[in-house]
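A.B. asks: What follows is final24.cif, mmCIF, C-alpha atoms.
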```
data_coords
#
loop_
_atom_site.label_atom_id
_atom_site.label_comp_id
_atom_site.auth_asym_id
_atom_site.auth_seq_id
_atom_site.Cartn_x
_atom_site.Cartn_y
_atom_site.Cartn_z
CA MET O 1 84.38 -34.99 214.71
CA PRO O 2 87.76 -36.57 213.86
CA SER O 3 90.45 -36.64 216.51
CA LEU O 4 93.78 -34.82 216.34
CA LYS O 5 95.52 -38.10 215.61
CA GLU O 6 93.19 -38.89 212.70
CA ILE O 7 93.67 -35.43 211.16
CA LYS O 8 97.45 -35.65 211.59
CA THR O 9 97.48 -39.07 209.92
CA ARG O 10 95.45 -37.69 207.02
CA ILE O 11 97.80 -34.71 206.67
CA GLN O 12 100.78 -37.07 206.43
CA SER O 13 98.93 -39.16 203.82
CA VAL O 14 98.09 -36.10 201.70
CA ARG O 15 101.69 -34.87 201.94
CA SER O 16 102.96 -38.25 200.72
CA THR O 17 100.50 -38.19 197.81
CA ARG O 18 101.53 -34.62 196.99
CA LYS O 19 105.19 -35.66 196.80
CA ILE O 20 104.26 -38.37 194.28
CA THR O 21 102.08 -36.13 192.09
CA SER O 22 104.68 -33.34 192.19
CA ALA O 23 107.44 -35.77 191.16
CA MET O 24 105.28 -37.19 188.35
CA MET O 25 104.52 -33.67 187.15
CA MET O 26 108.22 -32.82 186.93
CA ILE O 27 109.05 -36.11 185.17
CA ALA O 28 106.26 -35.63 182.62
CA SER O 29 107.33 -32.03 182.06
CA SER O 30 110.92 -33.14 181.47
CA LYS O 31 109.82 -35.82 178.98
CA LEU O 32 107.63 -33.26 177.23
CA ARG O 33 110.57 -30.92 176.71
CA LYS O 34 112.63 -33.76 175.21
CA ILE O 35 109.94 -34.90 172.78
CA GLN O 36 109.19 -31.29 171.85
CA LYS O 37 112.75 -30.93 170.58
CA ILE O 38 112.16 -33.90 168.28
CA ILE O 39 108.85 -32.44 167.09
CA GLU O 40 110.37 -29.00 166.49
CA ASN O 41 112.98 -30.53 164.19
CA LEU O 42 110.77 -33.17 162.61
CA TYR O 43 107.42 -31.47 162.07
CA PRO O 44 108.59 -28.69 159.68
CA TYR O 45 110.45 -31.28 157.57
CA GLN O 46 107.44 -33.59 157.45
CA GLN O 47 105.10 -30.72 156.58
CA LYS O 48 107.43 -29.48 153.83
CA LEU O 49 107.79 -32.97 152.38
CA GLN O 50 104.00 -33.39 152.48
CA GLN O 51 103.55 -30.03 150.78
CA LEU O 52 106.15 -30.89 148.16
CA MET O 53 104.38 -34.16 147.40
CA GLU O 54 100.98 -32.47 147.11
CA LEU O 55 102.27 -29.65 144.92
CA PHE O 56 104.25 -31.98 142.73
CA VAL O 57 101.61 -34.65 142.35
CA ASN O 58 98.79 -32.22 141.73
CA SER O 59 100.78 -30.12 139.27
CA GLN O 60 101.20 -33.08 136.93
CA ASP O 61 98.57 -34.42 134.58
CA ASN O 62 97.73 -38.08 134.12
CA LEU O 63 99.61 -39.21 137.21
CA VAL O 64 98.19 -42.21 139.01
CA SER O 65 99.12 -43.81 142.28
CA PRO O 66 97.95 -47.13 143.70
CA PHE O 67 97.94 -45.43 147.10
CA ALA O 68 95.22 -43.04 145.90
CA GLU O 69 92.88 -45.78 144.69
CA ARG O 70 89.42 -45.48 146.19
CA ARG O 71 87.36 -48.63 146.24
CA GLN O 72 84.43 -50.11 148.07
CA ILE O 73 85.35 -50.53 151.73
CA LYS O 74 85.17 -54.17 152.72
CA ARG O 75 88.06 -54.26 155.19
CA VAL O 76 89.39 -51.38 157.27
CA ALA O 77 92.39 -50.88 159.56
CA LEU O 78 92.39 -48.54 162.54
CA ILE O 79 95.63 -47.29 164.09
CA LEU O 80 95.15 -45.85 167.56
CA PHE O 81 97.69 -44.15 169.80
CA SER O 82 97.33 -44.22 173.60
CA SER O 83 99.69 -44.57 176.56
CA ASN O 84 100.78 -47.60 178.56
CA THR O 85 99.88 -45.99 181.90
CA SER O 86 97.09 -43.92 183.42
CA LEU O 87 97.11 -40.61 185.33
CA ALA O 88 96.98 -38.50 182.18
CA GLY O 89 93.57 -36.88 182.54
CA ARG O 90 91.18 -37.92 179.76
CA PHE O 91 93.97 -38.66 177.29
CA ASN O 92 93.27 -42.39 177.06
CA GLU O 93 89.53 -42.09 177.63
CA ASN O 94 89.20 -39.80 174.60
CA VAL O 95 90.97 -42.30 172.34
CA ILE O 96 88.91 -45.21 173.67
CA SER O 97 85.66 -43.26 173.19
CA GLN O 98 86.60 -42.49 169.59
CA LEU O 99 87.53 -46.15 169.08
CA LYS O 100 84.02 -47.20 170.12
CA VAL O 101 82.40 -44.61 167.84
CA THR O 102 84.53 -45.62 164.86
CA VAL O 103 84.02 -49.34 165.43
CA ASN O 104 80.25 -48.84 165.55
CA GLU O 105 80.42 -47.15 162.15
CA TYR O 106 82.23 -50.11 160.61
CA LEU O 107 80.40 -52.93 162.44
CA PRO O 108 78.23 -53.70 159.36
CA LEU O 109 81.47 -54.95 157.74
CA GLY O 110 81.81 -57.57 160.48
CA LYS O 111 84.35 -57.62 163.29
CA GLU O 112 86.62 -59.91 161.30
CA ASN O 113 87.02 -57.13 158.70
CA ILE O 114 87.99 -54.45 161.23
CA HIS O 115 91.71 -54.64 161.99
CA ILE O 116 92.92 -52.68 165.01
CA TYR O 117 96.55 -51.68 165.53
CA ALA O 118 96.77 -50.54 169.14
CA ILE O 119 99.84 -48.55 170.06
CA GLY O 120 99.70 -48.44 173.85
CA ASP O 121 98.35 -50.75 176.55
CA LYS O 122 95.24 -48.71 177.31
CA VAL O 123 93.73 -48.84 173.84
CA TYR O 124 94.99 -52.41 173.42
CA GLU O 125 93.02 -53.50 176.49
CA ALA O 126 89.96 -51.55 175.33
CA ALA O 127 90.07 -53.21 171.90
CA ARG O 128 90.25 -56.67 173.46
CA LYS O 129 87.29 -55.88 175.72
CA LEU O 130 85.34 -54.99 172.57
CA GLY O 131 86.14 -58.45 171.23
CA PHE O 132 88.93 -57.62 168.76
CA GLU O 133 92.14 -59.58 168.33
CA THR O 134 94.94 -57.09 167.83
CA PRO O 135 98.11 -58.29 166.07
CA ASN O 136 100.38 -56.44 168.48
CA ASN O 137 99.92 -53.77 171.14
CA PHE O 138 103.30 -52.15 170.32
CA ARG O 139 103.71 -51.35 174.02
CA HIS O 140 107.49 -51.30 173.64
CA ILE O 141 107.31 -48.20 171.43
CA ALA O 142 104.23 -46.51 172.92
CA ASP O 143 106.32 -44.30 175.25
CA LYS O 144 109.32 -43.86 172.96
CA PRO O 145 108.56 -43.24 169.27
CA SER O 146 110.73 -45.36 167.00
CA TYR O 147 111.14 -44.48 163.34
CA GLU O 148 112.14 -48.05 162.49
CA ALA O 149 109.03 -49.49 164.14
CA THR O 150 106.60 -46.98 162.63
CA ARG O 151 108.33 -47.28 159.23
CA GLN O 152 107.80 -51.04 159.33
CA LEU O 153 104.17 -50.61 160.38
CA ALA O 154 103.59 -48.11 157.55
CA SER O 155 105.23 -50.51 155.08
CA ASP O 156 103.01 -53.38 156.25
CA LEU O 157 99.87 -51.27 155.90
CA MET O 158 100.87 -50.04 152.45
CA GLU O 159 101.49 -53.61 151.33
CA LEU O 160 98.10 -54.73 152.66
CA PHE O 161 96.46 -51.81 150.87
CA LEU O 162 98.24 -52.53 147.57
CA ASN O 163 97.25 -56.21 147.79
CA LYS O 164 93.64 -55.15 148.47
CA LYS O 165 93.57 -56.93 151.79
CA ILE O 166 92.65 -53.60 153.38
CA ASP O 167 90.61 -50.91 151.62
CA LYS O 168 91.06 -48.03 154.08
CA VAL O 169 93.39 -47.09 156.93
CA GLU O 170 92.40 -44.54 159.57
CA LEU O 171 94.43 -42.86 162.32
CA ILE O 172 93.11 -41.81 165.73
CA TYR O 173 95.50 -39.77 167.84
CA HIS O 174 96.00 -36.56 169.83
CA HIS O 175 97.59 -33.55 168.17
CA TYR O 176 99.69 -31.40 170.51
CA LYS O 177 98.68 -27.73 170.26
CA SER O 178 99.92 -26.49 173.65
CA LYS O 179 100.58 -27.83 177.12
CA GLY O 180 96.96 -27.19 178.02
CA THR O 181 95.38 -28.22 174.71
CA GLN O 182 95.57 -31.57 172.93
CA GLU O 183 93.17 -32.10 170.05
CA LEU O 184 91.84 -35.58 169.27
CA LEU O 185 92.01 -36.21 165.53
CA ARG O 186 90.66 -38.88 163.25
CA GLU O 187 92.01 -38.87 159.72
CA THR O 188 92.51 -41.12 156.73
CA PHE O 189 96.01 -42.52 156.18
CA LEU O 190 95.17 -44.57 153.08
CA PRO O 191 94.07 -43.94 150.43
CA ILE O 192 95.81 -40.60 150.03
CA THR O 193 93.82 -37.67 148.69
CA LEU O 194 94.74 -36.06 145.38
CA MET O 195 93.31 -32.78 144.20
CA THR O 196 90.53 -32.66 141.65
CA GLU O 197 90.98 -30.93 138.30
CA ASP O 198 89.09 -27.86 139.57
CA GLU O 199 91.21 -27.63 142.72
CA ARG O 200 94.42 -27.71 140.68
CA TRP O 201 93.53 -24.50 138.91
CA LYS O 202 93.12 -22.68 142.24
CA ILE O 203 96.76 -23.10 143.31
CA LEU O 204 99.94 -21.68 141.88
CA GLN O 205 101.61 -24.44 139.93
CA PRO O 206 105.43 -24.40 140.20
CA ASP O 207 107.39 -25.05 137.05
CA TYR O 208 109.34 -28.20 137.91
CA ILE O 209 111.96 -29.86 135.77
CA VAL O 210 111.57 -33.51 136.73
CA GLU O 211 114.19 -36.23 136.29
CA PRO O 212 113.93 -39.06 135.43
CA ASP O 213 110.12 -38.73 135.11
CA PRO O 214 107.15 -37.63 137.27
CA GLN O 215 105.73 -41.12 137.79
CA THR O 216 109.03 -42.50 139.11
CA ILE O 217 109.45 -39.56 141.48
CA MET O 218 105.91 -39.98 142.78
CA ASP O 219 106.31 -43.73 143.27
CA GLN O 220 109.30 -43.08 145.52
CA LEU O 221 108.05 -39.92 147.23
CA ILE O 222 104.63 -41.09 148.42
CA PRO O 223 105.86 -44.10 150.49
CA LYS O 224 108.54 -41.92 152.07
CA VAL O 225 105.95 -39.28 153.02
CA LEU O 226 103.59 -41.89 154.47
CA LYS O 227 106.31 -43.50 156.60
CA LEU O 228 107.48 -40.14 157.94
CA LYS O 229 103.90 -39.04 158.58
CA LEU O 230 103.18 -42.06 160.78
CA TYR O 231 106.33 -41.45 162.82
CA THR O 232 105.49 -37.76 163.21
CA ILE O 233 101.96 -38.59 164.36
CA HIS O 234 103.34 -41.02 166.94
CA ALA O 235 105.69 -38.36 168.30
CA ASP O 236 102.77 -35.91 168.29
CA SER O 237 100.69 -38.35 170.35
CA VAL O 238 103.48 -38.90 172.88
CA SER O 239 103.89 -35.12 173.24
CA SER O 240 100.17 -34.86 173.94
CA GLU O 241 100.38 -37.64 176.52
CA HIS O 242 103.18 -35.96 178.47
CA ALA O 243 101.38 -32.61 178.29
CA ALA O 244 98.13 -34.16 179.53
CA ARG O 245 99.93 -35.93 182.38
CA THR O 246 101.78 -32.74 183.34
CA ILE O 247 98.51 -30.83 183.62
CA ALA O 248 96.76 -33.69 185.44
CA MET O 249 99.54 -34.02 188.01
CA GLN O 250 99.78 -30.24 188.43
CA THR O 251 96.04 -30.15 189.14
CA ALA O 252 96.38 -33.03 191.60
CA THR O 253 99.27 -31.25 193.34
CA ASP O 254 97.28 -28.02 193.58
CA ASN O 255 94.32 -29.92 195.00
CA ALA O 256 96.61 -31.54 197.56
CA ASP O 257 97.89 -28.09 198.57
CA ASP O 258 94.32 -26.85 199.07
CA LEU O 259 93.42 -29.95 201.07
CA LEU O 260 96.54 -29.56 203.22
CA ASP O 261 95.57 -25.97 204.01
CA GLU O 262 92.07 -27.08 205.06
CA LEU O 263 93.34 -29.97 207.16
CA THR O 264 96.02 -27.82 208.81
CA LEU O 265 93.43 -25.19 209.69
CA GLN O 266 91.11 -27.88 211.05
CA TYR O 267 93.98 -29.41 213.02
CA ASN O 268 94.99 -26.05 214.54
CA LYS O 269 91.41 -25.22 215.50
CA LEU O 270 90.88 -28.60 217.11
CA ARG O 271 94.23 -28.38 218.90
CA GLN O 272 93.44 -24.89 220.17
CA GLN O 273 90.05 -26.10 221.34
CA SER O 274 91.68 -29.04 223.10
CA ILE O 275 94.19 -26.78 224.88
CA THR O 276 91.41 -24.39 225.90
CA ASN O 277 89.39 -27.26 227.35
CA GLU O 278 92.40 -28.48 229.29
CA LEU O 279 92.99 -24.99 230.71
CA LEU O 280 89.34 -24.71 231.72
CA ASP O 281 89.55 -28.09 233.44
CA ILE O 282 92.68 -26.98 235.35
CA ILE O 283 91.14 -23.65 236.33
CA GLY O 284 87.89 -25.30 237.24
CA GLY O 285 89.76 -27.84 239.35
CA SER O 286 91.73 -25.13 241.14
CA PHE O 287 88.65 -23.10 242.05
CA GLY O 288 86.81 -26.22 243.03
CA LYS O 289 89.30 -27.14 245.82
CA PRO O 290 88.22 -26.38 249.43
CA GLY O 291 90.07 -23.38 251.02
#
```
In structure tokens, what does this structure look like?

C.D. replies:
Amino acid sequence: MPSLKEIKTRIQSVRSTRKITSAMMMIASSKLRKIQKIIENLYPYQQKLQQLMELFVNSQDNLVSPFAERRQIKRVALILFSSNTSLAGRFNENVISQLKVTVNEYLPLGKENIHIYAIGDKVYEAARKLGFETPNNFRHIADKPSYEATRQLASDLMELFLNKKIDKVELIYHHYKSKGTQELLRETFLPITLMTEDERWKILQPDYIVEPDPQTIMDQLIPKVLKLKLYTIHADSVSSEHAARTIAMQTATDNADDLLDELTLQYNKLRQQSITNELLDIIGGSFGKPG
């Protein structure tokens, strides 16, 4: 049985840990509120722009886009979003697990034909352990989404796709649904998907008057949508990270509270037992003295 001193030392240790987890929970919650404001303003705009592009592109006949070209996949790029630090539940583990699954699917192409863009230290380290050379881990923007950085990355990927140096680009990230729910998604960034002829007839086609011409509008609209989409996804991932860390630290704090209650109860029982034993020794000593 542990001594009073050992239990007291453990109580102090748990209290110190609780202070840290509680502080981290509040910090993560504060960061989540800030990034949510960005998402609330950005997401509707991005969704509307995406919808406008889809409606416009698919309402026109004989429109072609080099970004919609589907060809045999010889080289693929994977963009993965993780965090720079741990203590966020299974946030990073989920991304790393999906990285391994996706890499295994493309291994027949050869490792040299799988290009990984790791945004965040955790997935960067995981990719290197798998034997991949990543061009940059983008750790400087992993915690703070930057439109300029993601715009440049999107531009680089679009250029590689147009020059046929990459045949497909995939995204792996968490989508923020609520503080308690973050959904891991894997989706295609390039090539973009255009509706088939049959699908076009199923939607209401708006009557647009287009100036100067549909092809010019599409050539300018698609890159803008892709750049904004990548930035929105990055912000979405960061929101998910802060939400996951908030929940993880809240759980750790609650567990610390439960452990403190158990240790305090154990301490009080042991202390009471110790006092009782001392009283019995005193009483026993008093009655044991000769009259």

A.B. asks: Carefully work through the PyMOL selection byres ((chain O and resi 234) around 12) for this structure and note down the residues it includes, as a ChimeraX atom specification.

C.D. replies: /O:35,38-39,42-43,79-83,118-120,138,141-147,149-151,153-154,171-176,227-233,235-241

A.B. asks: Show me the residues close to (108.2, -33.6, 150.4) - anything with an atom within 12 Å, counting only C-alpha atoms - and format the list as a list in words.

C.D. replies: Tyr43, Pro44, Tyr45, Gln46, Gln47, Lys48, Leu49, Gln50, Gln51, Leu52, Met53, Glu54, Leu55, Phe56, Val57, Ile217, Met218, Gln220, Leu221, Ile222, Pro223, Lys224, Val225, Leu226, Lys227, Leu228 and Lys229 of chain O

A.B. asks: Starting from the displayed file, determine the output of the PyMOL selection byres ((chain O and resi 7-23) around 12) and express the residue list as a PyMOL selection string.

C.D. replies: chain O and resi 1-6+24-30+87-88+245-271

A.B. asks: Adding 8 Å on each side of the box along x, y and z that holds all listed atoms of stretch 243-252 of chain O, could you give its centre and edge lengths in Å to one decimal, as lines of an AutoDock Vina configuration file?

C.D. replies:
```
center_x = 98.9
center_y = -33.0
center_z = 184.9
size_x = 21.7
size_y = 21.8
size_z = 29.3
```

A.B. asks: Translate the PyMOL selection byres ((chain O and resi 188-193) around 6), as applied to the file shown, into an explicit residue set as a ChimeraX atom specification.

C.D. replies: /O:67-68,168-170,187,194

A.B. asks: Within 9 Å of stretch 123-135 of chain O, counting only C-alpha atoms, which residues show up once you throw out same-chain ones fewer than 6 positions away? Write them as a list of chain:residue names, please.

C.D. replies: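 Listing them by chain and then by number gives O:Leu80, O:Phe81, O:Ser82, O:Ser83, O:Asn84, O:Asn92, O:Glu93, O:Val95, O:Ile96, O:Leu99, O:Lys100, O:Lys111, O:Glu112, O:Ile114, O:His115, O:Ile116, O:Tyr117.
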
A.B. asks: Using atom CA of O:Met158 and atom CA of O:Ala77 as the two end points, give the distance in Å to one decimal.

C.D. replies: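 About the pair atom CA of O:Met158 and atom CA of O:Ala77: they are 11.1 Å apart.
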
A.B. asks: So the first atom is atom CA of O:Val101 and the second is atom CA of O:Lys177; what is the distance between them in Å, to one decimal place?

C.D. replies: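 Taking atom CA of O:Val101 as the start and atom CA of O:Lys177 as the end point, the length is 23.6 Å.
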
A.B. asks: Please report the interatomic distance between atom CA of O:Glu183 and atom CA of O:Arg70 in Å with one decimal.

C.D. replies: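 Calculated distance between atom CA of O:Glu183 and atom CA of O:Arg70 is 27.6 Å.
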
A.B. asks: Using the block above, I'd like stretch 5-27 of chain O written out, keeping N, CA, C and O atoms and formatting it as a PDB file, in the first residue's frame.

C.D. replies:
```
ATOM      1  N   LYS O   5       2.740  10.080   1.887  1.00  0.00           N
ATOM      2  CA  LYS O   5       3.611  10.972   1.124  1.00  0.00           C
ATOM      3  C   LYS O   5       3.552  10.657  -0.362  1.00  0.00           C
ATOM      4  O   LYS O   5       3.516  11.566  -1.208  1.00  0.00           O
ATOM      5  N   GLU O   6       3.538   9.356  -0.710  1.00  0.00           N
ATOM      6  CA  GLU O   6       3.483   8.954  -2.116  1.00  0.00           C
ATOM      7  C   GLU O   6       2.172   9.380  -2.765  1.00  0.00           C
ATOM      8  O   GLU O   6       2.165   9.862  -3.908  1.00  0.00           O
ATOM      9  N   ILE O   7       1.067   9.210  -2.034  1.00  0.00           N
ATOM     10  CA  ILE O   7      -0.240   9.613  -2.571  1.00  0.00           C
ATOM     11  C   ILE O   7      -0.300  11.124  -2.735  1.00  0.00           C
ATOM     12  O   ILE O   7      -0.808  11.642  -3.738  1.00  0.00           O
ATOM     13  N   LYS O   8       0.221  11.860  -1.763  1.00  0.00           N
ATOM     14  CA  LYS O   8       0.213  13.324  -1.840  1.00  0.00           C
ATOM     15  C   LYS O   8       1.045  13.814  -3.020  1.00  0.00           C
ATOM     16  O   LYS O   8       0.651  14.754  -3.727  1.00  0.00           O
ATOM     17  N   THR O   9       2.179  13.159  -3.247  1.00  0.00           N
ATOM     18  CA  THR O   9       3.029  13.514  -4.388  1.00  0.00           C
ATOM     19  C   THR O   9       2.304  13.257  -5.705  1.00  0.00           C
ATOM     20  O   THR O   9       2.383  14.063  -6.639  1.00  0.00           O
ATOM     21  N   ARG O  10       1.582  12.145  -5.757  1.00  0.00           N
ATOM     22  CA  ARG O  10       0.841  11.813  -6.978  1.00  0.00           C
ATOM     23  C   ARG O  10      -0.301  12.801  -7.207  1.00  0.00           C
ATOM     24  O   ARG O  10      -0.585  13.182  -8.336  1.00  0.00           O
ATOM     25  N   ILE O  11      -0.959  13.207  -6.132  1.00  0.00           N
ATOM     26  CA  ILE O  11      -2.042  14.198  -6.249  1.00  0.00           C
ATOM     27  C   ILE O  11      -1.502  15.498  -6.829  1.00  0.00           C
ATOM     28  O   ILE O  11      -2.106  16.110  -7.714  1.00  0.00           O
ATOM     29  N   GLN O  12      -0.358  15.948  -6.328  1.00  0.00           N
ATOM     30  CA  GLN O  12       0.255  17.175  -6.834  1.00  0.00           C
ATOM     31  C   GLN O  12       0.626  17.036  -8.307  1.00  0.00           C
ATOM     32  O   GLN O  12       0.459  17.976  -9.101  1.00  0.00           O
ATOM     33  N   SER O  13       1.116  15.850  -8.696  1.00  0.00           N
ATOM     34  CA  SER O  13       1.482  15.603 -10.094  1.00  0.00           C
ATOM     35  C   SER O  13       0.254  15.651 -10.990  1.00  0.00           C
ATOM     36  O   SER O  13       0.292  16.265 -12.070  1.00  0.00           O
ATOM     37  N   VAL O  14      -0.833  15.012 -10.555  1.00  0.00           N
ATOM     38  CA  VAL O  14      -2.064  15.005 -11.351  1.00  0.00           C
ATOM     39  C   VAL O  14      -2.636  16.419 -11.458  1.00  0.00           C
ATOM     40  O   VAL O  14      -3.126  16.823 -12.519  1.00  0.00           O
ATOM     41  N   ARG O  15      -2.572  17.184 -10.379  1.00  0.00           N
ATOM     42  CA  ARG O  15      -3.066  18.565 -10.417  1.00  0.00           C
ATOM     43  C   ARG O  15      -2.266  19.408 -11.410  1.00  0.00           C
ATOM     44  O   ARG O  15      -2.832  20.234 -12.133  1.00  0.00           O
ATOM     45  N   SER O  16      -0.952  19.208 -11.439  1.00  0.00           N
ATOM     46  CA  SER O  16      -0.111  19.941 -12.391  1.00  0.00           C
ATOM     47  C   SER O  16      -0.464  19.573 -13.824  1.00  0.00           C
ATOM     48  O   SER O  16      -0.567  20.446 -14.697  1.00  0.00           O
ATOM     49  N   THR O  17      -0.665  18.271 -14.068  1.00  0.00           N
ATOM     50  CA  THR O  17      -1.049  17.811 -15.409  1.00  0.00           C
ATOM     51  C   THR O  17      -2.411  18.371 -15.795  1.00  0.00           C
ATOM     52  O   THR O  17      -2.621  18.783 -16.940  1.00  0.00           O
ATOM     53  N   ARG O  18      -3.330  18.406 -14.830  1.00  0.00           N
ATOM     54  CA  ARG O  18      -4.671  18.936 -15.099  1.00  0.00           C
ATOM     55  C   ARG O  18      -4.619  20.403 -15.498  1.00  0.00           C
ATOM     56  O   ARG O  18      -5.352  20.846 -16.380  1.00  0.00           O
ATOM     57  N   LYS O  19      -3.749  21.173 -14.841  1.00  0.00           N
ATOM     58  CA  LYS O  19      -3.604  22.590 -15.201  1.00  0.00           C
ATOM     59  C   LYS O  19      -3.158  22.738 -16.649  1.00  0.00           C
ATOM     60  O   LYS O  19      -3.640  23.611 -17.381  1.00  0.00           O
ATOM     61  N   ILE O  20      -2.244  21.857 -17.072  1.00  0.00           N
ATOM     62  CA  ILE O  20      -1.728  21.919 -18.448  1.00  0.00           C
ATOM     63  C   ILE O  20      -2.814  21.553 -19.449  1.00  0.00           C
ATOM     64  O   ILE O  20      -3.028  22.266 -20.436  1.00  0.00           O
ATOM     65  N   THR O  21      -3.509  20.438 -19.201  1.00  0.00           N
ATOM     66  CA  THR O  21      -4.561  19.998 -20.140  1.00  0.00           C
ATOM     67  C   THR O  21      -5.712  20.995 -20.191  1.00  0.00           C
ATOM     68  O   THR O  21      -6.281  21.243 -21.257  1.00  0.00           O
ATOM     69  N   SER O  22      -6.043  21.580 -19.045  1.00  0.00           N
ATOM     70  CA  SER O  22      -7.120  22.575 -19.010  1.00  0.00           C
ATOM     71  C   SER O  22      -6.735  23.826 -19.806  1.00  0.00           C
ATOM     72  O   SER O  22      -7.543  24.380 -20.557  1.00  0.00           O
ATOM     73  N   ALA O  23      -5.465  24.256 -19.641  1.00  0.00           N
ATOM     74  CA  ALA O  23      -4.983  25.424 -20.388  1.00  0.00           C
ATOM     75  C   ALA O  23      -4.965  25.137 -21.881  1.00  0.00           C
ATOM     76  O   ALA O  23      -5.381  25.980 -22.696  1.00  0.00           O
ATOM     77  N   MET O  24      -4.499  23.937 -22.263  1.00  0.00           N
ATOM     78  CA  MET O  24      -4.461  23.570 -23.682  1.00  0.00           C
ATOM     79  C   MET O  24      -5.860  23.487 -24.267  1.00  0.00           C
ATOM     80  O   MET O  24      -6.074  23.840 -25.427  1.00  0.00           O
ATOM     81  N   MET O  25      -6.816  23.020 -23.475  1.00  0.00           N
ATOM     82  CA  MET O  25      -8.199  22.955 -23.934  1.00  0.00           C
ATOM     83  C   MET O  25      -8.737  24.356 -24.225  1.00  0.00           C
ATOM     84  O   MET O  25      -9.373  24.580 -25.262  1.00  0.00           O
ATOM     85  N   MET O  26      -8.464  25.293 -23.335  1.00  0.00           N
ATOM     86  CA  MET O  26      -8.955  26.658 -23.532  1.00  0.00           C
ATOM     87  C   MET O  26      -8.276  27.332 -24.722  1.00  0.00           C
ATOM     88  O   MET O  26      -8.921  28.064 -25.482  1.00  0.00           O
ATOM     89  N   ILE O  27      -6.979  27.081 -24.897  1.00  0.00           N
ATOM     90  CA  ILE O  27      -6.255  27.655 -26.037  1.00  0.00           C
ATOM     91  C   ILE O  27      -6.802  27.115 -27.349  1.00  0.00           C
ATOM     92  O   ILE O  27      -7.053  27.865 -28.304  1.00  0.00           O
TER      93      ILE O  27
END
```
